[in-house]
Amino acid sequence: MAFVDQAQVELKAGKGGDGIVSFRHEKFVAMGGPFGGDGGHGGSIILKVDEGLRTLMDFRYNRHFKAQAGGNGGTKGMTGASADDRIIKVPEGTLVYDADTGELLGDLLENGQTLVVAKGGRGGRGNIRFATPANPAPEISENGEPGQVRNIRMELRVLADVGLVGFPSAGKSTLLSVVSNAKPKIGAYHFTTIDPNIGLVRLADGRDFVMADLPGLIEGASQGVGLGFEFLRHVERTRLILHLVDMSGIEGNDPYEQYRKILTELKEYDPTLLERPQIVVATKMDMPDAADLLATFKKQVQADSGLPAVPEIVPISAIQQNGVNQLMILTANTLETAPVPESYHLEPETTAEKIYKFKEEKPEFKVEWVADENTWLISGQAVEKLFAMTNMQREATIMRFARKLRHMGVDERLKEAGAKNGDDVRINNSDFVFEFSE
Ligand SMILES: Nc1nc2c(ncn2[C@@H]2O[C@H](COP(=O)(O)OP(=O)(O)OP(=O)(O)O)[C@@H](O)[C@H]2O)c(=O)[nH]1
Ligand SMILES: [Mg+2]
């Protein structure tokens, strides 16, 4: 009964700090050697498994994550401060995809496991690094590399922490609809629910859990009567059972009888189900006879030594929303100490191979003539990144940019495409235009 919780978020890693151009100024020395430091690393965005989380619900409220930029280099060769990485907590079992390409980036399985999903930019180099014997005082520095921008989609197959158990029409679907985002079908007739509905419950204090509303259970279910087997298989894979008992007394229902019958079915299917934490919920307490029936029910349960000890019987009216909050808090508290049964796991085929590598950026670029701009346009990740890392205030760095473009083969391709001396060339995603010259 796993279902898939999904979330899509936008990530922007931090830009690297800019390297700077500076020179040693010493008394009596007019112009010293280069002294500009490198920029610091930009922060990366990293997913980290936190075993306390059960759902991706947090990402419904929070869809944008950014990491800080690295600090710029300083004079005296000082490297700029590296920015802290941004850590985002995710539940165990989260599959992470690149939302744009569909590529699986990773499968986060174990507590503490991490995955870098957007890499921070490296710091640009200061002019110290460009010094050569031929040019001991370079006026060249590099801007920081842009941080990676990425949309990711996360997927989590979740099992229900809590299973709602009870006779048909006990009010299971109604409770689920009141406490969660689920919209199950509710009916005045029995077996309204055929397939389990699942809902995410979130408390005001931030705790969350997954709750499943199961088809009504009746006598003989453990032998396959009604929707029996299917149902019990689902119960087996929950950590806590909320056992709903109808206190309305309509149809002449006897709560104590029904309660016992359900316990018998659970026990016949798997005796260990009775050892699982269970909260008894008295439902429909808004009905006229409910208070009396509950009092009698309590006495009968206490007097019956053949029943497992019930720590608490919680009265609610889902329709009037009475007692429901208290019930959810008790449920979350109980889950904190509830053991994880062996059957509570996902099928192995749900776990994909671990892939952590980023795809290498290819230095590919495109040259095209844009007639309405009367300009050549160069686009491509490598060119655009090189541009972003170039300090356009300085002649020397612009020259270096031009040299690098030539190395990448941009000039040649422009020529092949028919570019003439003096034609305008623009770098994609920027306003930067230069003149082509062979
Ligand atoms: N008065 C009253 N009626 C309720 C309450 N909760 C549920 N009901 C009614 O009880 C009937 C059955 O409710 P469901 O929530 O569909 O019950 P269920 O346990 O999911 O039933 P199955 O899916 O058939 O097993 C519906 O007519 C509900 O309106 C309540 O708190 N008070
Ligand atoms: Mg139902």
# chains A, B, ... in the order shown; residues from 1 in each chain; ligands from 1

call {"tool": "residues_around", "arguments": {"residues": "A:Gly380", "least_positions_apart": "4", "cutoff": "7 Å", "atoms": "only C-alpha atoms", "output": "ChimeraX atom specification"}}
result
/A:364-366,384

call {"tool": "write_last_selection", "arguments": {"atoms": "C-alpha atoms", "output": "compact mmCIF listing (two decimals), in the first residue's frame"}}
result
# COMPACT_ATOMS: atom_id res chain seq x y z
CA GLU A 364 29.49 22.78 -26.90
CA PHE A 365 28.27 26.01 -28.34
CA LYS A 366 26.06 27.21 -31.12
CA GLU A 384 27.98 31.60 -21.17

call {"tool": "select_by_dssp", "arguments": {"residues": "stretch 17-211 of chain A", "states": "helix (DSSP H, G or I)", "output": "PDB file with C-alpha atoms, in the first residue's frame"}}
result
ATOM      1  CA  MET A  57       5.041  17.653   2.987  1.00  0.00           C
ATOM      2  CA  ASP A  58       7.457  20.412   3.960  1.00  0.00           C
ATOM      3  CA  PHE A  59       8.142  21.052   0.285  1.00  0.00           C
ATOM      4  CA  ARG A  60       4.560  22.035  -0.271  1.00  0.00           C
ATOM      5  CA  ASN A 127      45.661  38.288 -10.210  1.00  0.00           C
ATOM      6  CA  ILE A 128      48.380  36.548  -8.154  1.00  0.00           C
ATOM      7  CA  ARG A 129      47.484  33.411 -10.042  1.00  0.00           C
ATOM      8  CA  PHE A 130      47.949  34.922 -13.444  1.00  0.00           C
ATOM      9  CA  LYS A 172     -12.941   5.602   9.188  1.00  0.00           C
ATOM     10  CA  SER A 173     -13.112   7.547   5.940  1.00  0.00           C
ATOM     11  CA  THR A 174     -14.812  10.456   7.663  1.00  0.00           C
ATOM     12  CA  LEU A 175     -12.002  10.704  10.222  1.00  0.00           C
ATOM     13  CA  LEU A 176      -9.357  10.555   7.506  1.00  0.00           C
ATOM     14  CA  SER A 177     -11.072  13.313   5.551  1.00  0.00           C
ATOM     15  CA  VAL A 178     -11.179  15.554   8.625  1.00  0.00           C
ATOM     16  CA  VAL A 179      -7.536  15.195   9.657  1.00  0.00           C
TER      17      VAL A 179
END

call {"tool": "residues_around", "arguments": {"residues": "A:Phe432", "least_positions_apart": "6", "cutoff": "9 Å", "atoms": "only C-alpha atoms", "output": "PyMOL selection string"}}
result
chain A and resi 387+425-426

call {"tool": "closest_residue", "arguments": {"among": "A:Thr79, A:Ser248, A:Asn391, A:Ser317", "to": "A:Leu293", "atoms": "only C-alpha atoms"}}
result
A:Ser248

call {"tool": "closest_residue", "arguments": {"among": "A:Leu105, A:Ala7, A:Leu214, A:Ile152", "to": "ligand 1", "atoms": "only C-alpha atoms and all ligand atoms"}}
result
A:Leu214

call {"tool": "closest_residue", "arguments": {"among": "A:Ser82, A:Ser169, A:Thr101, A:Thr94", "to": "ligand 2", "atoms": "only C-alpha atoms and all ligand atoms"}}
result
A:Ser169

call {"tool": "residues_around", "arguments": {"residues": "A:Gly147", "least_positions_apart": "2", "cutoff": "10 Å", "atoms": "only C-alpha atoms", "output": "PyMOL selection string"}}
result
chain A and resi 11-16+41-45+66-70+118-122+144-145+149-150

call {"tool": "write_last_selection", "arguments": {"atoms": "N, CA and C atoms", "output": "PDB file, in the first residue's frame"}}
result
ATOM      1  N   LEU A  11      16.256  25.074  -7.121  1.00  0.00           N
ATOM      2  CA  LEU A  11      17.474  25.245  -6.347  1.00  0.00           C
ATOM      3  C   LEU A  11      18.396  26.241  -7.033  1.00  0.00           C
ATOM      4  N   LYS A  12      19.057  27.038  -6.227  1.00  0.00           N
ATOM      5  CA  LYS A  12      20.050  27.941  -6.788  1.00  0.00           C
ATOM      6  C   LYS A  12      21.254  27.943  -5.856  1.00  0.00           C
ATOM      7  N   ALA A  13      22.314  27.316  -6.302  1.00  0.00           N
ATOM      8  CA  ALA A  13      23.527  27.269  -5.482  1.00  0.00           C
ATOM      9  C   ALA A  13      24.218  28.626  -5.521  1.00  0.00           C
ATOM     10  N   GLY A  14      25.115  28.846  -4.576  1.00  0.00           N
ATOM     11  CA  GLY A  14      25.781  30.146  -4.465  1.00  0.00           C
ATOM     12  C   GLY A  14      26.860  30.333  -5.524  1.00  0.00           C
ATOM     13  N   LYS A  15      26.988  31.556  -5.976  1.00  0.00           N
ATOM     14  CA  LYS A  15      28.045  31.907  -6.929  1.00  0.00           C
ATOM     15  C   LYS A  15      29.382  31.933  -6.183  1.00  0.00           C
ATOM     16  N   GLY A  16      30.438  31.597  -6.875  1.00  0.00           N
ATOM     17  CA  GLY A  16      31.754  31.752  -6.269  1.00  0.00           C
ATOM     18  C   GLY A  16      32.084  33.238  -6.130  1.00  0.00           C
ATOM     19  N   HIS A  41      34.504  29.831  -2.275  1.00  0.00           N
ATOM     20  CA  HIS A  41      33.537  28.924  -2.872  1.00  0.00           C
ATOM     21  C   HIS A  41      32.101  29.363  -2.592  1.00  0.00           C
ATOM     22  N   GLY A  42      31.211  29.227  -3.567  1.00  0.00           N
ATOM     23  CA  GLY A  42      29.797  29.447  -3.311  1.00  0.00           C
ATOM     24  C   GLY A  42      29.220  28.230  -2.609  1.00  0.00           C
ATOM     25  N   GLY A  43      28.141  28.429  -1.859  1.00  0.00           N
ATOM     26  CA  GLY A  43      27.539  27.312  -1.127  1.00  0.00           C
ATOM     27  C   GLY A  43      26.826  26.353  -2.071  1.00  0.00           C
ATOM     28  N   SER A  44      26.947  25.059  -1.797  1.00  0.00           N
ATOM     29  CA  SER A  44      26.203  24.056  -2.556  1.00  0.00           C
ATOM     30  C   SER A  44      24.894  23.758  -1.843  1.00  0.00           C
ATOM     31  N   ILE A  45      23.982  23.139  -2.553  1.00  0.00           N
ATOM     32  CA  ILE A  45      22.735  22.693  -1.920  1.00  0.00           C
ATOM     33  C   ILE A  45      22.779  21.178  -1.835  1.00  0.00           C
ATOM     34  N   LYS A  66      18.075  28.489  -1.799  1.00  0.00           N
ATOM     35  CA  LYS A  66      19.255  29.180  -2.317  1.00  0.00           C
ATOM     36  C   LYS A  66      20.395  28.970  -1.357  1.00  0.00           C
ATOM     37  N   ALA A  67      21.606  28.912  -1.897  1.00  0.00           N
ATOM     38  CA  ALA A  67      22.775  28.941  -1.023  1.00  0.00           C
ATOM     39  C   ALA A  67      23.484  30.272  -1.244  1.00  0.00           C
ATOM     40  N   GLN A  68      24.271  30.684  -0.272  1.00  0.00           N
ATOM     41  CA  GLN A  68      24.937  31.988  -0.322  1.00  0.00           C
ATOM     42  C   GLN A  68      26.127  31.989  -1.282  1.00  0.00           C
ATOM     43  N   ALA A  69      26.457  33.185  -1.745  1.00  0.00           N
ATOM     44  CA  ALA A  69      27.635  33.347  -2.604  1.00  0.00           C
ATOM     45  C   ALA A  69      28.907  33.346  -1.758  1.00  0.00           C
ATOM     46  N   GLY A  70      30.010  32.948  -2.361  1.00  0.00           N
ATOM     47  CA  GLY A  70      31.305  33.045  -1.683  1.00  0.00           C
ATOM     48  C   GLY A  70      31.753  34.501  -1.615  1.00  0.00           C
ATOM     49  N   ALA A 118      22.892  20.738  -6.142  1.00  0.00           N
ATOM     50  CA  ALA A 118      23.265  21.933  -6.911  1.00  0.00           C
ATOM     51  C   ALA A 118      24.611  22.396  -6.374  1.00  0.00           C
ATOM     52  N   LYS A 119      25.587  22.401  -7.274  1.00  0.00           N
ATOM     53  CA  LYS A 119      26.953  22.705  -6.842  1.00  0.00           C
ATOM     54  C   LYS A 119      27.200  24.197  -6.791  1.00  0.00           C
ATOM     55  N   GLY A 120      27.837  24.633  -5.710  1.00  0.00           N
ATOM     56  CA  GLY A 120      28.227  26.036  -5.599  1.00  0.00           C
ATOM     57  C   GLY A 120      29.335  26.330  -6.598  1.00  0.00           C
ATOM     58  N   GLY A 121      29.411  27.577  -7.044  1.00  0.00           N
ATOM     59  CA  GLY A 121      30.455  27.953  -8.001  1.00  0.00           C
ATOM     60  C   GLY A 121      31.815  28.037  -7.324  1.00  0.00           C
ATOM     61  N   ARG A 122      32.868  27.794  -8.100  1.00  0.00           N
ATOM     62  CA  ARG A 122      34.195  27.954  -7.513  1.00  0.00           C
ATOM     63  C   ARG A 122      34.554  29.428  -7.546  1.00  0.00           C
ATOM     64  N   GLY A 144      33.724  34.921  -9.990  1.00  0.00           N
ATOM     65  CA  GLY A 144      33.357  33.597  -9.489  1.00  0.00           C
ATOM     66  C   GLY A 144      32.469  32.850 -10.464  1.00  0.00           C
ATOM     67  N   GLU A 145      32.534  31.535 -10.397  1.00  0.00           N
ATOM     68  CA  GLU A 145      31.695  30.699 -11.248  1.00  0.00           C
ATOM     69  C   GLU A 145      30.254  30.776 -10.726  1.00  0.00           C
ATOM     70  N   VAL A 149      22.040  26.050 -11.154  1.00  0.00           N
ATOM     71  CA  VAL A 149      20.604  26.283 -10.985  1.00  0.00           C
ATOM     72  C   VAL A 149      19.906  25.029 -11.459  1.00  0.00           C
ATOM     73  N   ARG A 150      19.016  24.518 -10.659  1.00  0.00           N
ATOM     74  CA  ARG A 150      18.427  23.238 -11.036  1.00  0.00           C
ATOM     75  C   ARG A 150      17.037  23.078 -10.424  1.00  0.00           C
TER      76      ARG A 150
END

call {"tool": "residues_around", "arguments": {"residues": "A:Glu257", "least_positions_apart": "6", "cutoff": "10 Å", "atoms": "only C-alpha atoms", "output": "PyMOL selection string"}}
result
chain A and resi 245+297+300

call {"tool": "closest_residue", "arguments": {"among": "A:Pro315, A:Lys48, A:Glu368, A:Gly73", "to": "A:Gly106", "atoms": "only C-alpha atoms"}}
result
A:Lys48

call {"tool": "closest_residue", "arguments": {"among": "A:Phe65, A:Phe167, A:Tyr97, A:Phe23", "to": "ligand 2", "atoms": "only C-alpha atoms and all ligand atoms"}}
result
A:Phe167

call {"tool": "closest_residue", "arguments": {"among": "A:Leu115, A:Met392, A:Ile316, A:Val201", "to": "ligand 1", "atoms": "only C-alpha atoms and all ligand atoms"}}
result
A:Ile316

call {"tool": "select_by_dssp", "arguments": {"residues": "stretch 275-311 of chain A", "states": "strand (DSSP E)", "output": "MDAnalysis selection string"}}
result
chainID A and resid 278:283

call {"tool": "write_last_selection", "arguments": {"atoms": "C-alpha atoms", "output": "mmCIF file, in the first residue's frame"}}
result
data_model
loop_
_atom_site.group_PDB
_atom_site.id
_atom_site.type_symbol
_atom_site.label_atom_id
_atom_site.label_comp_id
_atom_site.auth_asym_id
_atom_site.auth_seq_id
_atom_site.Cartn_x
_atom_site.Cartn_y
_atom_site.Cartn_z
ATOM 1 C CA GLN A 278 -3.485 0.185 19.231
ATOM 2 C CA ILE A 279 -5.640 3.120 20.204
ATOM 3 C CA VAL A 280 -9.349 2.528 20.585
ATOM 4 C CA VAL A 281 -11.432 5.366 19.186
ATOM 5 C CA ALA A 282 -15.081 5.737 20.158
ATOM 6 C CA THR A 283 -16.731 7.410 17.149
#

call {"tool": "atom_distance", "arguments": {"atom1": "atom CA of A:Gly249", "atom2": "atom CA of A:Glu275"}}
result
28.5 Å

call {"tool": "residues_around", "arguments": {"residues": "A:Ala99", "least_positions_apart": "3", "cutoff": "12 Å", "atoms": "only C-alpha atoms", "output": "ChimeraX atom specification"}}
result
/A:6-11,95-96,102-105,117,149-155

call {"tool": "atom_distance", "arguments": {"atom1": "atom CA of A:Leu294", "atom2": "atom 6 (N, counted along the ligand's line) of ligand 1"}}
result
15.4 Å

call {"tool": "decode", "arguments": {"residues": "stretch 107-202 of chain A", "atoms": "C-alpha atoms", "output": "tab-separated table (two decimals), in the first residue's frame"}}
result
chain	number	residue	atom	x	y	z
A	107	ASP	CA	18.22	7.44	-4.26
A	108	LEU	CA	18.57	8.44	-0.64
A	109	LEU	CA	18.23	5.36	1.48
A	110	GLU	CA	20.09	5.63	4.73
A	111	ASN	CA	19.96	8.04	7.60
A	112	GLY	CA	22.62	10.70	7.22
A	113	GLN	CA	23.21	9.99	3.53
A	114	THR	CA	23.82	13.10	1.46
A	115	LEU	CA	23.51	14.12	-2.17
A	116	VAL	CA	24.82	17.33	-3.69
A	117	VAL	CA	21.99	18.50	-5.92
A	118	ALA	CA	23.27	21.93	-6.91
A	119	LYS	CA	26.95	22.71	-6.84
A	120	GLY	CA	28.23	26.04	-5.60
A	121	GLY	CA	30.46	27.95	-8.00
A	122	ARG	CA	34.19	27.95	-7.51
A	123	GLY	CA	35.82	31.21	-6.57
A	124	GLY	CA	37.37	33.28	-9.36
A	125	ARG	CA	41.14	33.56	-9.33
A	126	GLY	CA	42.88	36.72	-8.20
A	127	ASN	CA	45.66	38.29	-10.21
A	128	ILE	CA	48.38	36.55	-8.15
A	129	ARG	CA	47.48	33.41	-10.04
A	130	PHE	CA	47.95	34.92	-13.44
A	131	ALA	CA	51.51	36.09	-12.88
A	132	THR	CA	54.05	34.56	-15.27
A	133	PRO	CA	57.68	35.43	-15.93
A	134	ALA	CA	56.52	37.12	-19.11
A	135	ASN	CA	53.81	39.08	-17.35
A	136	PRO	CA	54.74	39.50	-13.68
A	137	ALA	CA	52.09	42.14	-13.01
A	138	PRO	CA	48.89	40.89	-14.72
A	139	GLU	CA	45.77	42.98	-14.62
A	140	ILE	CA	43.72	39.84	-14.89
A	141	SER	CA	41.31	38.36	-12.42
A	142	GLU	CA	38.37	36.05	-12.80
A	143	ASN	CA	34.85	36.43	-11.50
A	144	GLY	CA	33.36	33.60	-9.49
A	145	GLU	CA	31.69	30.70	-11.25
A	146	PRO	CA	27.89	30.88	-11.16
A	147	GLY	CA	26.19	28.45	-8.82
A	148	GLN	CA	24.29	25.60	-10.42
A	149	VAL	CA	20.60	26.28	-10.98
A	150	ARG	CA	18.43	23.24	-11.04
A	151	ASN	CA	14.86	22.08	-10.65
A	152	ILE	CA	14.51	18.78	-8.92
A	153	ARG	CA	11.58	16.49	-8.44
A	154	MET	CA	11.52	14.28	-5.41
A	155	GLU	CA	9.50	11.15	-5.06
A	156	LEU	CA	8.87	9.16	-1.96
A	157	ARG	CA	7.07	5.89	-1.74
A	158	VAL	CA	5.48	5.84	1.68
A	159	LEU	CA	3.81	3.22	3.75
A	160	ALA	CA	1.05	4.07	6.14
A	161	ASP	CA	2.21	4.61	9.70
A	162	VAL	CA	-1.33	4.40	10.97
A	163	GLY	CA	-4.10	2.09	9.81
A	164	LEU	CA	-7.74	2.82	10.57
A	165	VAL	CA	-9.53	-0.39	11.45
A	166	GLY	CA	-13.18	-1.00	12.21
A	167	PHE	CA	-16.50	-2.37	11.09
A	168	PRO	CA	-18.05	-0.98	7.90
A	169	SER	CA	-19.45	2.50	8.52
A	170	ALA	CA	-17.53	2.98	11.77
A	171	GLY	CA	-16.45	6.38	10.45
A	172	LYS	CA	-12.94	5.60	9.19
A	173	SER	CA	-13.11	7.55	5.94
A	174	THR	CA	-14.81	10.46	7.66
A	175	LEU	CA	-12.00	10.70	10.22
A	176	LEU	CA	-9.36	10.55	7.51
A	177	SER	CA	-11.07	13.31	5.55
A	178	VAL	CA	-11.18	15.55	8.63
A	179	VAL	CA	-7.54	15.20	9.66
A	180	SER	CA	-5.73	14.94	6.33
A	181	ASN	CA	-5.56	16.19	2.78
A	182	ALA	CA	-7.30	13.02	1.56
A	183	LYS	CA	-10.75	13.19	0.02
A	184	PRO	CA	-12.09	9.67	0.48
A	185	LYS	CA	-15.58	8.65	-0.47
A	186	ILE	CA	-17.90	8.62	2.51
A	187	GLY	CA	-21.15	6.73	2.50
A	188	ALA	CA	-24.04	5.81	4.73
A	189	TYR	CA	-23.76	2.29	3.34
A	190	HIS	CA	-21.24	-0.40	4.19
A	191	PHE	CA	-18.08	-1.05	2.18
A	192	THR	CA	-17.96	2.44	0.80
A	193	THR	CA	-14.21	2.12	0.84
A	194	ILE	CA	-12.86	-0.57	-1.42
A	195	ASP	CA	-9.30	0.52	-1.96
A	196	PRO	CA	-7.41	2.06	0.90
A	197	ASN	CA	-7.26	5.82	0.92
A	198	ILE	CA	-4.20	7.44	2.21
A	199	GLY	CA	-3.68	10.85	3.74
A	200	LEU	CA	-0.88	12.92	5.12
A	201	VAL	CA	-1.54	14.27	8.57
A	202	ARG	CA	0.39	17.26	9.78
